[in-house]
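S.K.: Structure below; questions to follow.
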Amino acid sequence: MAYQANGKTVETDEEGYLVNINEWSEEVAGEIAKAEQIAMSPEHWEVVNFLREYYSEYQIAPAIRVLTKAISKKLGAEKGSNKYLYELFPYGPAKQACKIAGLPKPTGCV
Amino acid sequence: MSLLHTVAKSPFERDALSSCLDLSLPGAAILLYEDGVYGALKGGRFAERLAEAAKTRALYVLGPDLKARGLGEDRLIAGVTVVDYRGFVELAAKHQAVQAWC
Amino acid sequence: MMDEDRTDEAEGGSGIVKKFMYVNRKAPYGTVYALEVLEMVLISAAFDQDVHLVFTDDGVFELKKGMETAGIGMKNFSNTYRALEGYDIEKLYVDQESLDERGLAEADLIVPVTVLSRAEMAKLMGEMDVILSA
(Lines give C-alpha, C1' and ligand atoms only; values in the text may rest on other atoms or scores of the structure.)
Protein backbone atom coordinates (compact mmCIF):
# COMPACT_ATOMS: atom_id res chain seq x y z
CA MET A 1 0.00 0.00 0.00
CA ALA A 2 1.03 3.62 -0.46
CA TYR A 3 -0.38 7.14 -0.19
CA GLN A 4 0.21 10.07 -2.49
CA ALA A 5 0.77 13.47 -0.89
CA ASN A 6 2.50 16.58 -2.21
CA GLY A 7 3.55 14.68 -5.31
CA LYS A 8 5.40 12.09 -3.20
CA THR A 9 4.64 8.44 -2.64
CA VAL A 10 4.61 7.33 1.00
CA GLU A 11 4.87 3.59 1.66
CA THR A 12 2.81 1.74 4.24
CA ASP A 13 2.76 -1.83 5.51
CA GLU A 14 -0.05 -4.20 4.55
CA GLU A 15 -2.30 -2.82 7.30
CA GLY A 16 -1.80 0.80 6.28
CA TYR A 17 0.71 1.95 8.93
CA LEU A 18 3.52 4.15 7.62
CA VAL A 19 6.75 2.25 7.05
CA ASN A 20 8.82 5.33 7.92
CA ILE A 21 7.42 7.67 10.57
CA ASN A 22 9.66 10.47 9.26
CA GLU A 23 7.65 10.60 6.04
CA TRP A 24 4.60 11.83 7.96
CA SER A 25 3.16 15.27 7.22
CA GLU A 26 -0.24 16.84 7.77
CA GLU A 27 -0.97 16.19 4.09
CA VAL A 28 -0.13 12.50 4.51
CA ALA A 29 -2.36 12.42 7.62
CA GLY A 30 -5.17 13.92 5.54
CA GLU A 31 -4.79 11.17 2.93
CA ILE A 32 -4.80 8.39 5.52
CA ALA A 33 -7.88 9.94 7.17
CA LYS A 34 -9.63 10.03 3.80
CA ALA A 35 -8.91 6.34 3.31
CA GLU A 36 -10.28 5.68 6.81
CA GLN A 37 -13.36 7.76 5.93
CA ILE A 38 -12.74 10.25 8.69
CA ALA A 39 -13.35 13.96 8.19
CA MET A 40 -10.62 15.58 10.26
CA SER A 41 -11.94 18.20 12.69
CA PRO A 42 -9.91 20.24 15.22
CA GLU A 43 -10.89 17.58 17.79
CA HIS A 44 -9.44 14.83 15.61
CA TRP A 45 -6.24 16.80 15.15
CA GLU A 46 -6.00 17.34 18.89
CA VAL A 47 -5.89 13.57 19.48
CA VAL A 48 -3.55 12.93 16.54
CA ASN A 49 -1.15 15.65 17.73
CA PHE A 50 -1.35 14.30 21.27
CA LEU A 51 -0.34 10.85 20.02
CA ARG A 52 2.56 12.28 18.06
CA GLU A 53 3.80 14.15 21.11
CA TYR A 54 3.45 11.04 23.25
CA TYR A 55 5.40 9.02 20.69
CA SER A 56 8.18 11.56 20.39
CA GLU A 57 8.50 11.61 24.17
CA TYR A 58 8.33 7.87 24.87
CA GLN A 59 8.95 6.10 21.52
CA ILE A 60 5.78 4.01 21.79
CA ALA A 61 2.08 4.32 21.00
CA PRO A 62 0.23 4.26 24.33
CA ALA A 63 -2.23 1.57 25.41
CA ILE A 64 -5.80 2.86 25.28
CA ARG A 65 -6.20 3.23 29.04
CA VAL A 66 -2.88 5.03 29.24
CA LEU A 67 -3.98 7.31 26.42
CA THR A 68 -7.31 8.17 28.08
CA LYS A 69 -5.57 8.86 31.38
CA ALA A 70 -2.94 11.07 29.76
CA ILE A 71 -5.53 12.96 27.72
CA SER A 72 -7.67 13.53 30.85
CA LYS A 73 -4.66 15.05 32.52
CA LYS A 74 -3.83 17.35 29.64
CA LEU A 75 -7.13 18.14 27.91
CA GLY A 76 -9.73 17.47 30.59
CA ALA A 77 -11.72 14.47 31.80
CA GLU A 78 -14.51 14.71 29.22
CA LYS A 79 -11.98 14.15 26.43
CA GLY A 80 -10.12 11.44 28.28
CA SER A 81 -12.82 8.82 27.88
CA ASN A 82 -13.25 5.79 25.64
CA LYS A 83 -16.62 7.16 24.54
CA TYR A 84 -15.17 10.45 23.31
CA LEU A 85 -12.29 8.75 21.48
CA TYR A 86 -14.52 6.15 19.84
CA GLU A 87 -16.91 8.86 18.66
CA LEU A 88 -14.00 10.52 16.89
CA PHE A 89 -12.42 7.27 15.68
CA PRO A 90 -15.22 4.68 15.37
CA TYR A 91 -12.87 1.79 14.53
CA GLY A 92 -10.78 2.50 17.60
CA PRO A 93 -8.05 5.00 18.44
CA ALA A 94 -5.44 2.25 17.97
CA LYS A 95 -6.54 1.34 14.53
CA GLN A 96 -7.29 4.81 13.26
CA ALA A 97 -5.75 7.64 15.27
CA CYS A 98 -2.30 6.02 15.46
CA LYS A 99 -2.42 5.24 11.77
CA ILE A 100 -3.34 8.83 10.91
CA ALA A 101 -0.63 10.09 13.28
CA GLY A 102 1.93 8.03 11.33
CA LEU A 103 2.84 5.91 14.36
CA PRO A 104 3.86 2.27 14.05
CA LYS A 105 1.36 -0.40 14.93
CA PRO A 106 0.89 -0.17 18.70
CA THR A 107 2.66 -2.77 20.83
CA GLY A 108 0.28 -5.51 21.87
CA CYS A 109 -2.48 -4.49 19.53
CA VAL A 110 -3.98 -7.54 17.80
CA MET B 1 53.05 -5.44 11.36
CA SER B 2 50.70 -6.44 14.13
CA LEU B 3 47.18 -7.67 14.71
CA LEU B 4 43.98 -5.75 15.23
CA HIS B 5 41.86 -7.45 17.89
CA THR B 6 38.17 -6.56 18.04
CA VAL B 7 35.89 -7.21 21.02
CA ALA B 8 32.11 -6.88 20.50
CA LYS B 9 30.67 -8.53 23.65
CA SER B 10 30.20 -7.23 27.16
CA PRO B 11 33.09 -8.36 29.37
CA PHE B 12 30.62 -8.74 32.25
CA GLU B 13 28.78 -11.44 30.36
CA ARG B 14 31.46 -13.25 28.37
CA ASP B 15 35.20 -13.72 28.53
CA ALA B 16 35.94 -12.24 25.07
CA LEU B 17 37.85 -9.25 26.47
CA SER B 18 39.68 -11.36 28.98
CA SER B 19 40.84 -13.83 26.33
CA CYS B 20 41.77 -10.97 24.04
CA LEU B 21 43.99 -9.44 26.71
CA ASP B 22 45.63 -12.82 27.39
CA LEU B 23 46.22 -13.61 23.73
CA SER B 24 47.26 -10.28 22.29
CA LEU B 25 50.92 -9.27 22.04
CA PRO B 26 52.50 -5.97 22.98
CA GLY B 27 52.25 -3.68 19.95
CA ALA B 28 48.82 -4.97 18.95
CA ALA B 29 45.73 -2.79 18.59
CA ILE B 30 42.47 -3.57 20.40
CA LEU B 31 39.15 -2.08 19.27
CA LEU B 32 36.09 -2.33 21.51
CA TYR B 33 32.72 -1.97 19.78
CA GLU B 34 29.02 -2.82 20.31
CA ASP B 35 28.67 -4.16 23.89
CA GLY B 36 32.44 -4.50 24.00
CA VAL B 37 32.68 -0.77 24.77
CA TYR B 38 31.52 -1.44 28.35
CA GLY B 39 34.95 -2.90 29.08
CA ALA B 40 36.54 0.56 29.01
CA LEU B 41 34.30 2.08 31.72
CA LYS B 42 36.17 4.09 34.31
CA GLY B 43 35.61 2.62 37.75
CA GLY B 44 34.38 -0.61 36.18
CA ARG B 45 35.58 -4.11 37.01
CA PHE B 46 37.87 -4.23 33.93
CA ALA B 47 39.31 -0.74 34.25
CA GLU B 48 42.54 -1.82 35.90
CA ARG B 49 43.34 -4.68 33.55
CA LEU B 50 42.62 -2.52 30.53
CA ALA B 51 44.67 0.39 31.85
CA GLU B 52 47.57 -2.04 32.26
CA ALA B 53 47.09 -3.28 28.68
CA ALA B 54 47.02 0.32 27.42
CA LYS B 55 50.69 0.65 28.37
CA THR B 56 51.75 -1.78 25.66
CA ARG B 57 48.80 -1.93 23.24
CA ALA B 58 46.80 0.72 21.39
CA LEU B 59 43.21 0.80 22.67
CA TYR B 60 40.30 2.09 20.61
CA VAL B 61 36.55 2.39 21.17
CA LEU B 62 33.90 2.87 18.48
CA GLY B 63 32.25 6.28 19.07
CA PRO B 64 28.74 5.61 17.72
CA ASP B 65 28.39 2.56 20.00
CA LEU B 66 29.54 4.62 22.96
CA LYS B 67 27.03 7.40 22.24
CA ALA B 68 24.17 4.96 21.68
CA ARG B 69 24.78 3.55 25.18
CA GLY B 70 24.71 6.98 26.82
CA LEU B 71 28.44 6.97 27.57
CA GLY B 72 30.61 10.06 27.09
CA GLU B 73 34.37 9.89 26.63
CA ASP B 74 34.69 11.21 30.18
CA ARG B 75 33.37 7.84 31.42
CA LEU B 76 36.29 5.92 29.90
CA ILE B 77 39.63 5.02 31.40
CA ALA B 78 42.59 7.14 30.27
CA GLY B 79 44.56 6.08 27.21
CA VAL B 80 41.63 5.02 25.02
CA THR B 81 41.11 6.60 21.58
CA VAL B 82 37.58 7.04 20.24
CA VAL B 83 37.21 6.32 16.52
CA ASP B 84 34.30 6.48 14.04
CA TYR B 85 33.35 3.86 11.44
CA ARG B 86 35.96 5.24 9.03
CA GLY B 87 38.58 4.87 11.74
CA PHE B 88 37.49 1.23 12.23
CA VAL B 89 38.05 0.54 8.53
CA GLU B 90 41.42 2.28 8.56
CA LEU B 91 42.54 0.22 11.54
CA ALA B 92 41.52 -2.98 9.79
CA ALA B 93 43.39 -1.95 6.65
CA LYS B 94 46.50 -0.95 8.55
CA HIS B 95 47.02 -4.22 10.39
CA GLN B 96 48.29 -7.53 9.09
CA ALA B 97 45.12 -9.38 10.17
CA VAL B 98 42.02 -9.00 12.33
CA GLN B 99 41.18 -11.31 15.19
CA ALA B 100 37.51 -10.91 16.18
CA TRP B 101 36.67 -11.89 19.78
CA CYS B 102 32.91 -12.41 19.83
CA MET C 1 -2.96 0.35 22.25
CA MET C 2 -4.68 -2.77 23.51
CA ASP C 3 -7.95 -3.87 22.04
CA GLU C 4 -10.88 -2.94 24.23
CA ASP C 5 -12.21 -6.47 24.63
CA ARG C 6 -8.85 -7.78 25.85
CA THR C 7 -8.64 -5.07 28.48
CA ASP C 8 -12.18 -5.70 29.62
CA GLU C 9 -11.57 -9.41 29.84
CA ALA C 10 -8.54 -8.83 32.03
CA GLU C 11 -10.38 -6.45 34.30
CA GLY C 12 -13.42 -8.72 34.54
CA GLY C 13 -11.26 -11.80 35.13
CA SER C 14 -10.83 -13.81 38.29
CA GLY C 15 -9.44 -10.81 40.16
CA ILE C 16 -6.46 -12.76 41.47
CA VAL C 17 -3.42 -10.52 41.57
CA LYS C 18 -0.09 -12.29 41.39
CA LYS C 19 3.37 -10.97 42.06
CA PHE C 20 5.16 -10.79 38.71
CA MET C 21 8.84 -10.11 38.30
CA TYR C 22 10.61 -9.33 35.05
CA VAL C 23 14.37 -9.69 35.35
CA ASN C 24 16.50 -7.69 32.91
CA ARG C 25 20.08 -8.95 32.67
CA LYS C 26 21.17 -7.84 29.19
CA ALA C 27 22.70 -4.66 27.79
CA PRO C 28 20.29 -2.73 25.53
CA TYR C 29 21.56 -2.82 21.92
CA GLY C 30 23.93 -5.76 21.47
CA THR C 31 21.03 -8.22 21.59
CA VAL C 32 17.25 -7.90 21.28
CA TYR C 33 16.46 -9.26 24.79
CA ALA C 34 16.10 -5.89 26.55
CA LEU C 35 13.61 -4.56 24.01
CA GLU C 36 11.67 -7.84 23.99
CA VAL C 37 11.26 -7.81 27.77
CA LEU C 38 10.12 -4.18 27.65
CA GLU C 39 7.47 -5.00 25.05
CA MET C 40 6.31 -7.97 27.09
CA VAL C 41 5.98 -5.73 30.16
CA LEU C 42 3.96 -3.14 28.24
CA ILE C 43 1.59 -5.77 26.86
CA SER C 44 1.11 -7.49 30.20
CA ALA C 45 0.39 -4.14 31.91
CA ALA C 46 -3.22 -4.56 30.75
CA PHE C 47 -3.70 -7.50 33.12
CA ASP C 48 -3.39 -5.49 36.32
CA GLN C 49 -0.90 -7.67 38.15
CA ASP C 50 1.59 -6.65 40.83
CA VAL C 51 4.54 -6.02 38.52
CA HIS C 52 8.17 -5.74 39.66
CA LEU C 53 10.94 -4.83 37.22
CA VAL C 54 14.47 -5.81 38.13
CA PHE C 55 17.60 -4.55 36.40
CA THR C 56 20.67 -6.50 37.39
CA ASP C 57 24.04 -7.46 35.84
CA ASP C 58 24.28 -5.83 32.38
CA GLY C 59 20.56 -5.02 32.63
CA VAL C 60 21.48 -1.85 34.55
CA PHE C 61 22.91 -0.50 31.28
CA GLU C 62 19.32 -0.39 29.91
CA LEU C 63 18.59 2.54 32.21
CA LYS C 64 21.66 4.66 31.41
CA LYS C 65 20.75 8.29 30.78
CA GLY C 66 21.73 10.18 27.64
CA MET C 67 21.57 7.52 24.92
CA GLU C 68 21.86 8.78 21.34
CA THR C 69 21.31 5.95 18.90
CA ALA C 70 21.18 7.76 15.53
CA GLY C 71 24.79 6.69 14.85
CA ILE C 72 23.99 2.97 15.06
CA GLY C 73 20.65 3.19 13.23
CA MET C 74 18.53 1.79 16.08
CA LYS C 75 15.56 3.16 18.01
CA ASN C 76 16.47 4.66 21.38
CA PHE C 77 13.98 2.78 23.55
CA SER C 78 15.37 4.03 26.86
CA ASN C 79 12.73 6.80 26.83
CA THR C 80 10.04 4.14 26.95
CA TYR C 81 11.07 3.25 30.52
CA ARG C 82 9.85 6.74 31.46
CA ALA C 83 6.39 5.82 30.10
CA LEU C 84 6.04 2.90 32.55
CA GLU C 85 4.71 5.16 35.28
CA GLY C 86 1.71 5.92 33.04
CA TYR C 87 1.15 2.15 32.84
CA ASP C 88 1.09 2.00 36.68
CA ILE C 89 4.37 0.11 36.70
CA GLU C 90 6.33 1.86 39.40
CA LYS C 91 8.24 -0.89 41.18
CA LEU C 92 11.68 -0.77 39.59
CA TYR C 93 14.71 -2.27 41.33
CA VAL C 94 18.44 -2.12 40.69
CA ASP C 95 21.14 -3.74 42.77
CA GLN C 96 24.06 -1.73 44.07
CA GLU C 97 26.66 -4.36 43.24
CA SER C 98 25.73 -4.34 39.54
CA LEU C 99 26.07 -0.55 39.44
CA ASP C 100 29.36 -0.58 41.33
CA GLU C 101 31.21 -3.08 39.18
CA ARG C 102 30.21 -1.09 36.08
CA GLY C 103 31.34 2.29 37.37
CA LEU C 104 27.74 3.55 37.43
CA ALA C 105 25.75 5.40 40.09
CA GLU C 106 22.03 5.85 40.76
CA ALA C 107 22.29 9.37 39.29
CA ASP C 108 23.18 7.81 35.89
CA LEU C 109 19.70 6.25 35.56
CA ILE C 110 16.87 7.63 33.44
CA VAL C 111 14.04 6.71 35.86
CA PRO C 112 13.62 6.60 39.65
CA VAL C 113 14.47 3.16 41.03
CA THR C 114 14.84 1.46 44.37
CA VAL C 115 18.45 0.45 44.88
CA LEU C 116 18.83 -2.80 46.80
CA SER C 117 21.75 -4.93 47.86
CA ARG C 118 22.04 -8.31 46.14
CA ALA C 119 20.91 -9.96 49.36
CA GLU C 120 17.77 -7.81 49.45
CA MET C 121 17.18 -8.53 45.77
CA ALA C 122 17.39 -12.26 46.44
CA LYS C 123 14.81 -11.92 49.18
CA LEU C 124 12.44 -9.96 46.91
CA MET C 125 12.86 -12.54 44.15
CA GLY C 126 11.96 -15.25 46.61
CA GLU C 127 8.58 -13.62 47.25
CA MET C 128 7.37 -13.76 43.62
CA ASP C 129 4.67 -15.96 42.09
CA VAL C 130 5.88 -15.62 38.50
CA ILE C 131 9.38 -14.69 37.28
CA LEU C 132 10.32 -14.02 33.66
CA SER C 133 13.94 -13.40 32.83
CA ALA C 134 16.11 -12.46 29.88
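In the C-alpha coordinates, chains take letters A, B, ... by order of appearance, with residues numbered from 1 within each chain and ligands from 1 in the order shown.
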Would you tabulate, counting only C-alpha atoms, all residues of chain C that have an atom at most 9 Å from an atom of chain B, showing the closest pair of atoms and their distance in Å to one decimal, sorted by chain then ascending number, as CSV?
M.R.:
residue,atom,partner,partner_atom,distance
C:Lys26,CA,B:Glu13,CA,8.5
C:Ala27,CA,B:Asp35,CA,7.2
C:Pro28,CA,B:Arg69,CA,7.7
C:Tyr29,CA,B:Asp35,CA,7.5
C:Gly30,CA,B:Asp35,CA,5.5
C:Thr31,CA,B:Asp35,CA,8.9
C:Asp57,CA,B:Phe12,CA,7.6
C:Asp58,CA,B:Phe12,CA,7.0
C:Phe61,CA,B:Arg69,CA,7.6
C:Glu62,CA,B:Arg69,CA,8.2
C:Lys64,CA,B:Gly70,CA,6.0
C:Lys65,CA,B:Gly70,CA,5.7
C:Gly66,CA,B:Gly70,CA,4.4
C:Met67,CA,B:Gly70,CA,3.7
C:Glu68,CA,B:Ala68,CA,4.5
C:Thr69,CA,B:Ala68,CA,4.1
C:Ala70,CA,B:Ala68,CA,7.4
C:Gly71,CA,B:Pro64,CA,5.0
C:Ile72,CA,B:Pro64,CA,6.1
C:Met74,CA,B:Ala68,CA,8.6
C:Asn76,CA,B:Ala68,CA,7.7
C:Leu99,CA,B:Gly44,CA,8.9
C:Asp100,CA,B:Gly44,CA,7.2
C:Glu101,CA,B:Arg45,CA,5.0
C:Arg102,CA,B:Gly44,CA,4.2
C:Gly103,CA,B:Gly43,CA,4.3
C:Leu104,CA,B:Gly43,CA,7.9
S.K.: Write out as a PyMOL selection string which residues come within 12 Å of C:Val51 when counting only C-alpha atoms, dropping same-chain ones fewer than 3 positions away.
M.R.: chain C and resi 17-23+40-42+44-48+54+84-85+87-93+125+128-132
S.K.: I'd like a table as a tab-separated table: residues in chain A with an atom no more than 9 Å from chain C, each row giving the shortest atom pair and its distance in Å to one decimal, only C-alpha atoms counted, sorted by chain and rising residue number.
M.R.:
residue	atom	partner	partner_atom	distance
A:Glu57	CA	C:Asn79	CA	6.9
A:Tyr58	CA	C:Thr80	CA	4.6
A:Gln59	CA	C:Thr80	CA	5.9
A:Ile60	CA	C:Thr80	CA	6.7
A:Ala61	CA	C:Met1	CA	6.5
A:Pro62	CA	C:Met1	CA	5.5
A:Ala63	CA	C:Met1	CA	3.5
A:Ile64	CA	C:Met1	CA	4.8
A:Arg65	CA	C:Met1	CA	8.1
A:Val66	CA	C:Gly86	CA	6.0
A:Leu67	CA	C:Met1	CA	8.2
A:Lys69	CA	C:Gly86	CA	8.0
A:Ala70	CA	C:Gly86	CA	7.7
A:Gly92	CA	C:Asp3	CA	8.3
A:Pro93	CA	C:Met1	CA	7.9
A:Ala94	CA	C:Met1	CA	5.3
A:Lys95	CA	C:Met1	CA	8.6
A:Cys98	CA	C:Met1	CA	8.9
A:Lys105	CA	C:Met1	CA	8.5
A:Pro106	CA	C:Met1	CA	5.3
A:Thr107	CA	C:Met1	CA	6.6
A:Gly108	CA	C:Ile43	CA	5.2
A:Cys109	CA	C:Met2	CA	4.9
A:Val110	CA	C:Asp3	CA	6.9
S.K.: Include N, CA, C and O atoms and write out the residues we just selected as an mmCIF file, in the first residue's frame.
M.R.:
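What ended up in again.cif:
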data_model
loop_
_atom_site.group_PDB
_atom_site.id
_atom_site.type_symbol
_atom_site.label_atom_id
_atom_site.label_comp_id
_atom_site.auth_asym_id
_atom_site.auth_seq_id
_atom_site.Cartn_x
_atom_site.Cartn_y
_atom_site.Cartn_z
ATOM 1 N N GLU A 57 7.988 11.632 22.804
ATOM 2 C CA GLU A 57 8.504 11.610 24.168
ATOM 3 C C GLU A 57 8.931 10.205 24.613
ATOM 4 O O GLU A 57 9.970 10.031 25.229
ATOM 5 N N TYR A 58 8.111 9.203 24.308
ATOM 6 C CA TYR A 58 8.333 7.866 24.870
ATOM 7 C C TYR A 58 8.680 6.774 23.854
ATOM 8 O O TYR A 58 8.942 5.635 24.230
ATOM 9 N N GLN A 59 8.613 7.079 22.569
ATOM 10 C CA GLN A 59 8.949 6.095 21.523
ATOM 11 C C GLN A 59 8.009 4.898 21.443
ATOM 12 O O GLN A 59 8.370 3.844 20.910
ATOM 13 N N ILE A 60 6.793 5.054 21.970
ATOM 14 C CA ILE A 60 5.776 4.006 21.793
ATOM 15 C C ILE A 60 4.410 4.659 21.611
ATOM 16 O O ILE A 60 4.206 5.808 22.002
ATOM 17 N N ALA A 61 3.481 3.910 21.014
ATOM 18 C CA ALA A 61 2.077 4.323 20.996
ATOM 19 C C ALA A 61 1.462 3.824 22.297
ATOM 20 O O ALA A 61 1.669 2.677 22.680
ATOM 21 N N PRO A 62 0.735 4.681 23.014
ATOM 22 C CA PRO A 62 0.226 4.264 24.329
ATOM 23 C C PRO A 62 -0.919 3.267 24.248
ATOM 24 O O PRO A 62 -1.679 3.267 23.279
ATOM 25 N N ALA A 63 -1.050 2.424 25.260
ATOM 26 C CA ALA A 63 -2.227 1.571 25.410
ATOM 27 C C ALA A 63 -3.434 2.489 25.608
ATOM 28 O O ALA A 63 -3.288 3.599 26.123
ATOM 29 N N ILE A 64 -4.608 2.003 25.256
ATOM 30 C CA ILE A 64 -5.797 2.857 25.277
ATOM 31 C C ILE A 64 -6.058 3.467 26.656
ATOM 32 O O ILE A 64 -6.340 4.655 26.787
ATOM 33 N N ARG A 65 -5.910 2.665 27.711
ATOM 34 C CA ARG A 65 -6.205 3.229 29.044
ATOM 35 C C ARG A 65 -5.146 4.245 29.477
ATOM 36 O O ARG A 65 -5.419 5.163 30.242
ATOM 37 N N VAL A 66 -3.932 4.063 28.954
ATOM 38 C CA VAL A 66 -2.877 5.029 29.244
ATOM 39 C C VAL A 66 -3.143 6.320 28.474
ATOM 40 O O VAL A 66 -2.962 7.425 28.989
ATOM 41 N N LEU A 67 -3.643 6.149 27.249
ATOM 42 C CA LEU A 67 -3.983 7.307 26.420
ATOM 43 C C LEU A 67 -5.106 8.120 27.064
ATOM 44 O O LEU A 67 -5.004 9.343 27.187
ATOM 45 N N LYS A 69 -6.048 8.232 30.144
ATOM 46 C CA LYS A 69 -5.566 8.857 31.380
ATOM 47 C C LYS A 69 -4.715 10.094 31.076
ATOM 48 O O LYS A 69 -4.885 11.151 31.688
ATOM 49 N N ALA A 70 -3.831 9.949 30.096
ATOM 50 C CA ALA A 70 -2.938 11.065 29.757
ATOM 51 C C ALA A 70 -3.715 12.224 29.141
ATOM 52 O O ALA A 70 -3.415 13.392 29.403
ATOM 53 N N GLY A 92 -11.744 2.607 16.496
ATOM 54 C CA GLY A 92 -10.781 2.503 17.599
ATOM 55 C C GLY A 92 -9.595 3.429 17.422
ATOM 56 O O GLY A 92 -9.042 3.527 16.338
ATOM 57 N N PRO A 93 -9.208 4.094 18.490
ATOM 58 C CA PRO A 93 -8.054 4.998 18.438
ATOM 59 C C PRO A 93 -6.784 4.266 17.984
ATOM 60 O O PRO A 93 -5.968 4.831 17.265
ATOM 61 N N ALA A 94 -6.636 2.990 18.364
ATOM 62 C CA ALA A 94 -5.439 2.248 17.975
ATOM 63 C C ALA A 94 -5.390 2.119 16.467
ATOM 64 O O ALA A 94 -4.409 2.430 15.813
ATOM 65 N N LYS A 95 -6.494 1.629 15.948
ATOM 66 C CA LYS A 95 -6.543 1.343 14.527
ATOM 67 C C LYS A 95 -6.447 2.621 13.707
ATOM 68 O O LYS A 95 -5.762 2.669 12.697
ATOM 69 N N CYS A 98 -3.744 6.280 15.573
ATOM 70 C CA CYS A 98 -2.302 6.019 15.461
ATOM 71 C C CYS A 98 -1.879 5.967 14.003
ATOM 72 O O CYS A 98 -0.819 6.473 13.633
ATOM 73 N N LYS A 105 2.447 0.352 14.315
ATOM 74 C CA LYS A 105 1.359 -0.397 14.933
ATOM 75 C C LYS A 105 1.626 -0.522 16.429
ATOM 76 O O LYS A 105 2.709 -0.928 16.834
ATOM 77 N N PRO A 106 0.646 -0.174 17.249
ATOM 78 C CA PRO A 106 0.887 -0.175 18.696
ATOM 79 C C PRO A 106 1.291 -1.545 19.230
ATOM 80 O O PRO A 106 0.771 -2.561 18.793
ATOM 81 N N THR A 107 2.213 -1.545 20.184
ATOM 82 C CA THR A 107 2.660 -2.769 20.834
ATOM 83 C C THR A 107 1.482 -3.476 21.503
ATOM 84 O O THR A 107 0.750 -2.857 22.255
ATOM 85 N N GLY A 108 1.316 -4.736 21.207
ATOM 86 C CA GLY A 108 0.284 -5.512 21.874
ATOM 87 C C GLY A 108 -1.089 -5.366 21.276
ATOM 88 O O GLY A 108 -2.071 -5.877 21.800
ATOM 89 N N CYS A 109 -1.178 -4.663 20.162
ATOM 90 C CA CYS A 109 -2.476 -4.487 19.528
ATOM 91 C C CYS A 109 -2.674 -5.636 18.562
ATOM 92 O O CYS A 109 -1.842 -5.883 17.706
ATOM 93 N N VAL A 110 -3.782 -6.380 18.698
ATOM 94 C CA VAL A 110 -3.984 -7.537 17.805
ATOM 95 C C VAL A 110 -4.920 -7.220 16.645
ATOM 96 O O VAL A 110 -5.619 -6.243 16.697
#
S.K.: Please run DSSP on the backbone and report, as a PyMOL selection string, all residues within chain B that come out as alpha helix (DSSP H).
M.R.: chain B and resi 16-23+47-54+63-68+85-94
S.K.: Considering only C-alpha atoms, can you say which of A:Ser56, A:Gly102, A:Tyr84, A:Met40 comes closest to A:Tyr3?
M.R.: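 Of A:Ser56, A:Gly102, A:Tyr84, A:Met40, the one nearest A:Tyr3 is A:Gly102, counting only C-alpha atoms.
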